[in-house]
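File shown: protein.csv. Contents: CSV, C-alpha atoms and all ligand atoms.
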```
chain,number,residue,atom,x,y,z
A,166,MET,CA,-22.9,-10.5,-14.5
A,167,GLU,CA,-23.7,-6.8,-13.8
A,168,ARG,CA,-21.7,-3.9,-15.2
A,169,ASP,CA,-21.4,-0.7,-13.2
A,170,VAL,CA,-22.2,1.8,-15.9
A,171,ASN,CA,-24.2,4.3,-13.8
A,172,GLN,CA,-21.9,5.4,-11.1
A,173,THR,CA,-18.5,7.0,-11.0
A,174,HIS,CA,-16.2,4.7,-9.0
A,175,HIS,CA,-12.9,5.6,-7.6
A,176,GLY,CA,-10.0,3.3,-7.7
A,177,ARG,CA,-8.9,1.3,-10.7
A,178,LEU,CA,-9.5,-2.0,-12.5
A,179,THR,CA,-6.8,-4.7,-12.8
A,180,ARG,CA,-6.1,-6.3,-16.2
A,181,ASP,CA,-8.6,-9.0,-15.2
A,182,GLY,CA,-11.2,-6.3,-14.6
A,183,ILE,CA,-11.1,-6.6,-10.8
A,184,ARG,CA,-11.8,-3.3,-9.0
A,185,ILE,CA,-9.2,-2.1,-6.5
A,186,HIS,CA,-11.1,-0.2,-3.8
A,187,GLU,CA,-9.9,2.6,-1.6
A,188,ALA,CA,-9.5,2.7,2.2
A,189,ALA,CA,-12.8,4.6,2.6
A,190,ASP,CA,-14.7,2.0,0.7
A,191,PHE,CA,-14.0,-0.6,3.4
A,192,ALA,CA,-16.2,1.4,5.7
A,193,GLY,CA,-19.2,1.0,3.4
A,194,MET,CA,-18.7,-2.7,3.0
A,195,ARG,CA,-18.3,-3.1,6.8
A,196,ALA,CA,-21.7,-1.5,7.4
A,197,ALA,CA,-23.5,-3.5,4.7
A,198,GLY,CA,-21.8,-6.7,5.7
A,199,ALA,CA,-22.6,-6.3,9.3
A,200,LEU,CA,-26.3,-5.7,8.5
A,201,ALA,CA,-26.6,-8.8,6.4
A,202,ALA,CA,-24.9,-10.9,9.2
A,203,LYS,CA,-27.1,-9.3,11.9
A,204,LEU,CA,-30.3,-10.3,9.9
A,205,LEU,CA,-29.0,-14.0,9.9
A,206,ASP,CA,-28.4,-13.7,13.7
A,207,GLU,CA,-32.0,-12.6,14.1
A,208,VAL,CA,-33.5,-15.6,12.3
A,209,ILE,CA,-31.8,-18.1,14.6
A,210,PRO,CA,-34.8,-18.4,17.0
A,211,MET,CA,-37.2,-18.9,14.1
A,212,ILE,CA,-35.5,-22.1,12.9
A,213,GLU,CA,-37.6,-24.9,14.2
A,214,PRO,CA,-39.6,-27.9,12.8
A,215,GLY,CA,-42.9,-26.6,11.5
A,216,VAL,CA,-41.9,-23.2,10.3
A,217,MET,CA,-42.4,-22.3,6.6
A,218,THR,CA,-39.4,-21.1,4.7
A,219,GLY,CA,-41.6,-18.3,3.3
A,220,ASP,CA,-42.2,-17.0,6.8
A,221,ILE,CA,-38.4,-16.8,7.4
A,222,ASP,CA,-38.1,-14.8,4.1
A,223,ALA,CA,-40.9,-12.5,5.0
A,224,PHE,CA,-39.2,-11.7,8.3
A,225,ILE,CA,-35.9,-10.9,6.5
A,226,GLU,CA,-37.7,-8.7,3.9
A,227,ARG,CA,-39.4,-6.7,6.6
A,228,ARG,CA,-36.2,-6.3,8.6
A,229,VAL,CA,-34.2,-5.2,5.6
A,230,GLY,CA,-36.7,-2.4,5.1
A,231,GLU,CA,-36.7,-1.4,8.7
A,232,GLU,CA,-33.0,-1.0,8.6
A,233,GLY,CA,-33.2,1.5,5.7
A,234,ALA,CA,-31.6,-1.0,3.4
A,235,THR,CA,-32.7,-2.7,0.1
A,236,SER,CA,-32.8,-6.4,-0.8
A,237,ALA,CA,-30.3,-7.1,-3.6
A,238,THR,CA,-32.2,-10.2,-4.7
A,239,ILE,CA,-35.7,-8.9,-5.1
A,240,GLY,CA,-36.0,-8.1,-8.8
A,241,TYR,CA,-32.6,-9.7,-9.5
A,242,LYS,CA,-33.0,-11.6,-12.8
A,243,GLY,CA,-36.7,-12.0,-11.9
A,244,TYR,CA,-36.0,-13.4,-8.4
A,245,ARG,CA,-38.8,-12.3,-6.0
A,246,HIS,CA,-37.5,-12.9,-2.5
A,247,ALA,CA,-35.2,-11.3,0.1
A,248,SER,CA,-33.3,-14.6,0.7
A,249,CYS,CA,-32.5,-17.9,-0.8
A,250,ILE,CA,-33.3,-20.9,1.5
A,251,SER,CA,-31.7,-24.1,0.5
A,252,VAL,CA,-32.9,-27.2,2.4
A,253,ASN,CA,-31.0,-30.6,2.6
A,254,HIS,CA,-30.1,-31.7,-1.0
A,255,VAL,CA,-30.7,-28.1,-2.3
A,256,VAL,CA,-27.2,-26.8,-3.2
A,257,CYS,CA,-28.2,-23.1,-3.5
A,258,HIS,CA,-30.9,-20.7,-4.8
A,259,GLY,CA,-33.7,-22.5,-3.0
A,260,ILE,CA,-36.9,-20.4,-3.2
A,261,PRO,CA,-38.7,-19.7,0.1
A,262,GLY,CA,-42.3,-20.8,0.1
A,263,ASP,CA,-44.9,-22.8,2.0
A,264,LYS,CA,-42.8,-25.9,2.7
A,265,ARG,CA,-42.4,-26.5,6.4
A,266,LEU,CA,-39.1,-27.5,8.0
A,267,LYS,CA,-38.9,-31.0,9.6
A,268,ASP,CA,-36.9,-32.2,12.5
A,269,GLY,CA,-33.3,-32.8,11.3
A,270,ASP,CA,-33.5,-30.6,8.2
A,271,ILE,CA,-30.4,-28.6,7.4
A,272,LEU,CA,-30.7,-25.3,5.6
A,273,ASN,CA,-28.6,-22.5,4.2
A,274,ILE,CA,-30.0,-19.0,4.3
A,275,ASP,CA,-28.4,-16.5,2.0
A,276,VAL,CA,-29.0,-12.8,2.3
A,277,THR,CA,-27.7,-9.9,0.3
A,278,VAL,CA,-28.5,-6.3,1.3
A,279,ILE,CA,-27.7,-3.0,-0.3
A,280,LEU,CA,-26.8,-0.3,2.3
A,281,ASP,CA,-25.7,3.2,1.2
A,282,GLY,CA,-25.0,1.6,-2.2
A,283,TRP,CA,-22.7,-1.2,-0.9
A,284,PHE,CA,-23.6,-4.9,-1.2
A,285,GLY,CA,-23.3,-7.2,1.8
A,286,ASP,CA,-23.7,-10.9,0.9
A,287,THR,CA,-23.5,-13.7,3.4
A,288,SER,CA,-25.0,-17.2,4.1
A,289,ARG,CA,-24.7,-19.8,6.8
A,290,MET,CA,-26.2,-23.1,7.8
A,291,PHE,CA,-29.0,-23.6,10.2
A,292,VAL,CA,-30.6,-26.8,11.6
A,293,ALA,CA,-34.3,-27.5,12.5
A,294,GLY,CA,-34.3,-29.6,15.6
A,295,ARG,CA,-31.4,-32.1,15.9
A,296,PRO,CA,-29.0,-32.8,12.9
A,297,SER,CA,-27.8,-36.3,12.1
A,298,ARG,CA,-24.1,-36.9,12.8
A,299,LYS,CA,-23.3,-37.0,9.0
A,300,ALA,CA,-25.2,-33.7,8.5
A,301,GLU,CA,-23.3,-32.1,11.4
A,302,ARG,CA,-20.0,-33.3,10.0
A,303,LEU,CA,-20.9,-31.9,6.5
A,304,ILE,CA,-21.7,-28.5,8.1
A,305,ASP,CA,-18.5,-28.4,10.1
A,306,VAL,CA,-16.3,-29.4,7.1
A,307,THR,CA,-18.0,-26.7,4.9
A,308,HIS,CA,-17.6,-24.0,7.5
A,309,ASP,CA,-13.9,-24.9,8.0
A,310,ALA,CA,-13.4,-25.1,4.2
A,311,LEU,CA,-14.5,-21.4,3.9
A,312,PHE,CA,-11.9,-20.5,6.6
A,313,GLU,CA,-9.2,-22.5,4.8
A,314,GLY,CA,-10.0,-20.3,1.8
A,315,ILE,CA,-10.0,-17.1,3.8
A,316,ALA,CA,-6.6,-18.1,5.3
A,317,ALA,CA,-5.2,-18.1,1.7
A,318,VAL,CA,-6.2,-14.5,1.1
A,319,LYS,CA,-3.3,-12.1,1.1
A,320,PRO,CA,-1.6,-9.8,-1.4
A,321,GLY,CA,0.6,-11.8,-3.7
A,322,ASN,CA,-1.4,-15.1,-3.4
A,323,THR,CA,-3.7,-16.0,-6.3
A,324,PHE,CA,-7.4,-17.0,-6.6
A,325,GLY,CA,-6.2,-20.5,-7.5
A,326,ASP,CA,-4.5,-20.6,-4.0
A,327,ILE,CA,-7.9,-20.0,-2.4
A,328,GLY,CA,-9.6,-22.7,-4.6
A,329,HIS,CA,-6.9,-25.2,-3.9
A,330,ALA,CA,-7.0,-24.6,-0.1
A,331,ILE,CA,-10.8,-25.3,-0.1
A,332,GLN,CA,-10.7,-28.2,-2.5
A,333,SER,CA,-7.9,-30.1,-0.8
A,334,PHE,CA,-9.5,-29.6,2.6
A,335,VAL,CA,-12.9,-30.8,1.5
A,336,GLU,CA,-11.6,-33.8,-0.5
A,337,GLY,CA,-9.3,-34.7,2.4
A,338,ASN,CA,-12.5,-35.1,4.4
A,339,ARG,CA,-14.0,-37.4,1.6
A,340,MET,CA,-16.6,-34.8,0.5
A,341,SER,CA,-16.9,-33.0,-2.8
A,342,VAL,CA,-16.8,-29.3,-3.9
A,343,VAL,CA,-19.5,-28.1,-6.2
A,344,ARG,CA,-18.0,-26.8,-9.5
A,345,ASP,CA,-21.2,-25.3,-11.0
A,346,PHE,CA,-21.4,-22.2,-8.8
A,347,CYS,CA,-18.7,-19.8,-7.5
A,348,GLY,CA,-18.0,-16.8,-5.5
A,349,HIS,CA,-17.8,-13.3,-7.1
A,350,GLY,CA,-16.4,-9.9,-6.8
A,351,LEU,CA,-18.8,-7.3,-5.3
A,352,GLY,CA,-18.8,-3.8,-3.8
A,353,ARG,CA,-21.1,-1.2,-5.3
A,354,VAL,CA,-22.4,-4.1,-7.5
A,355,PHE,CA,-23.7,-7.5,-6.7
A,356,HIS,CA,-21.7,-9.6,-9.1
A,357,ALA,CA,-18.4,-8.5,-10.6
A,358,PRO,CA,-15.2,-10.1,-11.8
A,359,PRO,CA,-13.6,-12.4,-10.8
A,360,ASN,CA,-15.3,-15.7,-10.6
A,361,VAL,CA,-14.0,-17.1,-7.3
A,362,LEU,CA,-13.7,-20.8,-7.8
A,363,HIS,CA,-13.8,-23.1,-4.8
A,364,TYR,CA,-11.3,-25.6,-6.5
A,365,GLY,CA,-8.1,-25.0,-8.4
A,366,ARG,CA,-4.4,-25.2,-8.6
A,367,PRO,CA,-1.9,-23.2,-6.5
A,368,GLY,CA,-0.4,-20.2,-8.3
A,369,THR,CA,-3.1,-20.0,-11.0
A,370,GLY,CA,-5.6,-17.3,-11.6
A,371,PRO,CA,-5.4,-13.5,-10.9
A,372,VAL,CA,-3.0,-12.3,-8.2
A,373,LEU,CA,-4.7,-10.9,-5.1
A,374,GLU,CA,-4.2,-7.2,-4.4
A,375,GLU,CA,-5.1,-5.0,-1.5
A,376,GLY,CA,-8.5,-3.4,-2.1
A,377,MET,CA,-10.2,-6.3,-3.9
A,378,PHE,CA,-13.6,-7.2,-2.5
A,379,PHE,CA,-15.2,-10.6,-3.2
A,380,THR,CA,-17.2,-13.4,-1.7
A,381,ILE,CA,-16.0,-16.9,-0.9
A,382,GLU,CA,-19.0,-19.3,-0.7
A,383,PRO,CA,-18.1,-22.9,-1.0
A,384,MET,CA,-20.9,-25.5,-1.6
A,385,VAL,CA,-19.9,-29.0,-0.3
A,386,ASN,CA,-21.8,-32.2,-1.0
A,387,LEU,CA,-21.7,-35.5,1.0
A,388,GLY,CA,-21.9,-37.3,-2.3
A,389,ARG,CA,-20.9,-36.4,-5.9
A,390,PRO,CA,-20.3,-32.8,-7.0
A,391,GLU,CA,-22.8,-32.6,-9.9
A,392,THR,CA,-25.8,-30.4,-9.7
A,393,LYS,CA,-29.0,-29.7,-11.7
A,394,VAL,CA,-31.4,-26.8,-11.8
A,395,LEU,CA,-35.1,-27.6,-11.3
A,396,ALA,CA,-37.9,-26.5,-13.6
A,397,ASP,CA,-38.4,-23.3,-11.6
A,398,ASP,CA,-35.1,-22.1,-13.2
A,399,TRP,CA,-33.6,-21.3,-9.7
A,400,THR,CA,-33.4,-24.3,-7.4
A,401,ALA,CA,-30.1,-26.1,-7.7
A,402,VAL,CA,-30.0,-29.6,-6.3
A,403,THR,CA,-27.4,-32.4,-6.0
A,404,ARG,CA,-27.9,-34.9,-8.9
A,405,ASP,CA,-27.4,-37.8,-6.5
A,406,LYS,CA,-29.8,-36.3,-3.9
A,407,SER,CA,-26.9,-36.2,-1.3
A,408,LEU,CA,-26.9,-33.5,1.4
A,409,SER,CA,-25.3,-30.2,0.6
A,410,ALA,CA,-24.0,-27.3,2.7
A,411,GLN,CA,-22.7,-23.8,2.1
A,412,PHE,CA,-21.2,-20.9,4.0
A,413,GLU,CA,-20.5,-17.4,2.5
A,414,HIS,CA,-18.5,-14.4,3.7
A,415,SER,CA,-17.9,-11.1,1.9
A,416,ILE,CA,-14.3,-10.1,2.4
A,417,GLY,CA,-11.8,-7.4,1.5
A,418,VAL,CA,-8.1,-7.9,0.8
A,419,THR,CA,-5.9,-5.9,3.3
A,420,ALA,CA,-2.1,-5.4,3.4
A,421,GLU,CA,-1.9,-8.3,5.9
A,422,GLY,CA,-4.6,-10.7,4.7
A,423,ALA,CA,-8.4,-10.5,4.7
A,424,GLU,CA,-11.0,-8.4,6.4
A,425,ILE,CA,-14.3,-10.3,6.8
A,426,PHE,CA,-17.1,-7.8,6.3
A,427,THR,CA,-19.9,-10.2,7.2
A,428,LEU,CA,-18.8,-11.3,10.7
A,429,SER,CA,-21.8,-12.2,12.9
A,430,PRO,CA,-22.3,-9.4,15.5
A,431,ALA,CA,-23.6,-12.0,17.9
A,432,GLY,CA,-20.8,-14.4,17.2
A,433,ARG,CA,-23.3,-17.0,15.9
A,434,PHE,CA,-21.9,-17.7,12.4
A,435,HIS,CA,-21.3,-21.3,13.3
A,436,PRO,CA,-22.8,-23.2,14.9
A,437,THR,CA,-26.2,-21.6,14.8
A,438,TYR,CA,-27.7,-24.3,16.9
A,439,SER,CA,-26.7,-25.4,20.4
A,440,PRO,CA,-24.7,-28.6,20.1
A,441,ASP,CA,-25.4,-30.3,23.5
B,1,LIG,N1,-26.6,-14.3,-2.7
B,1,LIG,C1,-26.3,-15.2,-3.8
B,1,LIG,C2,-24.8,-15.2,-4.0
B,1,LIG,O1,-24.2,-15.5,-3.1
B,1,LIG,C3,-27.0,-14.8,-5.1
B,1,LIG,C4,-28.5,-15.0,-5.0
B,1,LIG,S1,-29.2,-14.4,-6.5
B,1,LIG,C5,-30.8,-14.8,-6.3
B,1,LIG,O2,-24.3,-14.8,-5.0
B,1,LIG,F1,-31.5,-14.2,-7.2
B,1,LIG,F2,-31.0,-16.1,-6.3
B,1,LIG,F3,-31.3,-14.4,-5.1
B,2,CO,CO,-22.5,-14.4,-3.2
B,3,CO,CO,-25.1,-15.0,-1.2
```
Rewrite the coordinates I just gave you, this time as structure tokens.
Ligand code: MF3
Ligand code: CO
Ligand code: CO
Amino acid sequence: MERDVNQTHHGRLTRDGIRIHEAADFAGMRAAGALAAKLLDEVIPMIEPGVMTGDIDAFIERRVGEEGATSATIGYKGYRHASCISVNHVVCHGIPGDKRLKDGDILNIDVTVILDGWFGDTSRMFVAGRPSRKAERLIDVTHDALFEGIAAVKPGNTFGDIGHAIQSFVEGNRMSVVRDFCGHGLGRVFHAPPNVLHYGRPGTGPVLEEGMFFTIEPMVNLGRPETKVLADDWTAVTRDKSLSAQFEHSIGVTAEGAEIFTLSPAGRFHPTYSPD
């Protein structure tokens, strides 16, 4: 967790340490979020069997710089890449490298940019070639689970309401929610309170207030929920080697509900492939 000690921030903190942002702050998040989402739109044509995940990351790193932004992940706790690329049974924090995609591989690409001091964090699923039907179903359920969570965002609801909406939807589809990683507050910092759990009980946890900024980023497994981190200290995989998927949006709480900061400018958040 980061603590924002260097900057003077407006707004206030709740008793749970969650920052309440002001109206003008939404504009900063909108720009950062749109850039992160645009970069994911731009990689869509690259996702084909034979491409190396390191090449996708190099493209993202170059484009972040060209846009006058900074990568939030390069240098973060020793991480050295502009994206995380998590293929098949990798749950999250996959390290881009010289591995080549194969036909039918499913992958999450997660990008966080810093633009004018604001953090935009988003990830979505891509497919190299043609997905299997079970992979396609996993991806659809994970996407829809994120939106079940977003639908629970409005002042007066709680973070437990978000987690419960996601968990009950995923388990109703006979899949499992990863417990070992969660969403997070963000804004002028990468990771801030609260932990946004993707499971939970209605009415529990902090109460949502207008001006809170956080991510929702459920990871869903076809098999069991348990994960383990590989010897590289980053790559998280499913213990049972089952396929895993994830989608992530950065959002702000408004008077009516949620504003999604990381909407795809091209309308390609899901699906990223042509289902024909
Ligand atoms: N973007 C990830 C998240 O959603 C964090 C990646 S940290 C890294 O919170 F160091 F692995 F890149
Ligand atoms: Co995140
Ligand atoms: Co992310």
Name the residues in contact with Lys203 in chain A at a cut-off of 8 Å, using only C-alpha atoms, excluding same-chain residues fewer than 6 positions from it; report them as number ranges by chain. A: 429-431
Could those selected residues go to a file with C-alpha atoms, as a short mmCIF file (atom, residue, chain, number, x, y, z; two decimals), keeping the file's coordinate frame?
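Result saved to selection-v9.cif:
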```cif
data_model
loop_
_atom_site.label_atom_id
_atom_site.label_comp_id
_atom_site.auth_asym_id
_atom_site.auth_seq_id
_atom_site.Cartn_x
_atom_site.Cartn_y
_atom_site.Cartn_z
CA SER A 429 -21.80 -12.20 12.90
CA PRO A 430 -22.30 -9.40 15.50
CA ALA A 431 -23.60 -12.00 17.90
#
```
Compile the contact shell of Ile183 in chain A as a ChimeraX atom specification: residues with an atom at most 7 Å away, counting only C-alpha atoms, same-chain residues fewer than 6 positions apart removed. /A:358-359,377
Surrounding residues as a ChimeraX atom specification, ligand CO 2 (chain B), max 10 Å, all atoms listed in the file: /A:275-277,284-288,346-351,355-356,361,379-383,412-415
Write the residues of the selection above to a file with C-alpha atoms, as an mmCIF file, keeping the file's coordinate frame.
```cif
data_model
loop_
_atom_site.group_PDB
_atom_site.id
_atom_site.type_symbol
_atom_site.label_atom_id
_atom_site.label_comp_id
_atom_site.auth_asym_id
_atom_site.auth_seq_id
_atom_site.Cartn_x
_atom_site.Cartn_y
_atom_site.Cartn_z
ATOM 1 C CA ASP A 275 -28.400 -16.500 2.000
ATOM 2 C CA VAL A 276 -29.000 -12.800 2.300
ATOM 3 C CA THR A 277 -27.700 -9.900 0.300
ATOM 4 C CA PHE A 284 -23.600 -4.900 -1.200
ATOM 5 C CA GLY A 285 -23.300 -7.200 1.800
ATOM 6 C CA ASP A 286 -23.700 -10.900 0.900
ATOM 7 C CA THR A 287 -23.500 -13.700 3.400
ATOM 8 C CA SER A 288 -25.000 -17.200 4.100
ATOM 9 C CA PHE A 346 -21.400 -22.200 -8.800
ATOM 10 C CA CYS A 347 -18.700 -19.800 -7.500
ATOM 11 C CA GLY A 348 -18.000 -16.800 -5.500
ATOM 12 C CA HIS A 349 -17.800 -13.300 -7.100
ATOM 13 C CA GLY A 350 -16.400 -9.900 -6.800
ATOM 14 C CA LEU A 351 -18.800 -7.300 -5.300
ATOM 15 C CA PHE A 355 -23.700 -7.500 -6.700
ATOM 16 C CA HIS A 356 -21.700 -9.600 -9.100
ATOM 17 C CA VAL A 361 -14.000 -17.100 -7.300
ATOM 18 C CA PHE A 379 -15.200 -10.600 -3.200
ATOM 19 C CA THR A 380 -17.200 -13.400 -1.700
ATOM 20 C CA ILE A 381 -16.000 -16.900 -0.900
ATOM 21 C CA GLU A 382 -19.000 -19.300 -0.700
ATOM 22 C CA PRO A 383 -18.100 -22.900 -1.000
ATOM 23 C CA PHE A 412 -21.200 -20.900 4.000
ATOM 24 C CA GLU A 413 -20.500 -17.400 2.500
ATOM 25 C CA HIS A 414 -18.500 -14.400 3.700
ATOM 26 C CA SER A 415 -17.900 -11.100 1.900
#
```
For ligand LIG 1 (chain B), the nearest of the candidates A:Ala202, A:Ala420, A:Ile260, A:Ile279, counting only C-alpha atoms and all ligand atoms: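 Nearest candidate to ligand LIG 1 (chain B) out of A:Ala202, A:Ala420, A:Ile260, A:Ile279: A:Ile260.
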Between CA of Met290 in chain A and CA of Met194 in chain A, what distance in Å does the model show, to one decimal? 22.3 Å
As a PyMOL selection string, please: the residues near Thr218 in chain A (cut-off 7 Å, only C-alpha atoms, same-chain neighbours under 4 positions excluded). chain A and resi 222+250+261-265
Would you kindly return, as a ChimeraX atom specification, each protein, DNA or RNA residue with an atom no farther than 8 Å from any atom of range 292-294 of chain A, considering all atoms listed in the file and excluding same-chain residues fewer than 2 positions away? /A:212-214,266-272,290,296,437-438
Mind listing whatever residues come within 12 Å of the point (-4.5, -11.8, -0.7)? Use all atoms listed in the file, file coordinates, and give them as a PyMOL selection string. chain A and resi 314-327+371-379+416-424
What's the separation between CA of Ala401 in chain A and CA of Ser251 in chain A, in Å to one decimal place?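 Between CA of Ala401 in chain A and CA of Ser251 in chain A the gap is 8.6 Å.
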Distance CA of Asp398 in chain A-CA of His258 in chain A, one decimal place?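 Separating CA of Asp398 in chain A from CA of His258 in chain A is a distance of 9.5 Å.
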Taking all atoms listed in the file into account, name the residue in A:Ser439, A:Asn386, A:Gln411, A:Gln332 that is nearest to ligand LIG 1 (chain B).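 Looking only at the distances to ligand LIG 1 (chain B), the closest residue turns out to be A:Gln411.
Closest approach to ligand LIG 1 (chain B) from the set A:Gly240, A:Pro367, A:Pro436, A:Gly215 is made by A:Gly240, with distances taken over only C-alpha atoms and all ligand atoms.
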Across A:Ile331, A:Val256, A:Leu395, A:Leu408, the smallest distance to Ser297 in chain A, with only C-alpha atoms counted, is shown by A:Leu408
Nearest to ligand LIG 1 (chain B), chosen from A:Gly328, A:Gly365, A:Gly370, A:Gly259, with only C-alpha atoms and all ligand atoms counted in the distances: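 Going through A:Gly328, A:Gly365, A:Gly370, A:Gly259 one by one, the smallest distance to ligand LIG 1 (chain B) is for A:Gly259.
The list of residues with at least one atom within 9 Å of Tyr244 in chain A, based on all atoms listed in the file and without residues fewer than 5 positions apart in the same chain, reads Thr238, Ile239, Ile260 and Trp399 of chain A.
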Find, counting all atoms listed in the file, the residue in A:Leu204, A:Val252, A:Ala237, A:Ile221 that gets nearest to ligand LIG 1 (chain B). A:Ala237
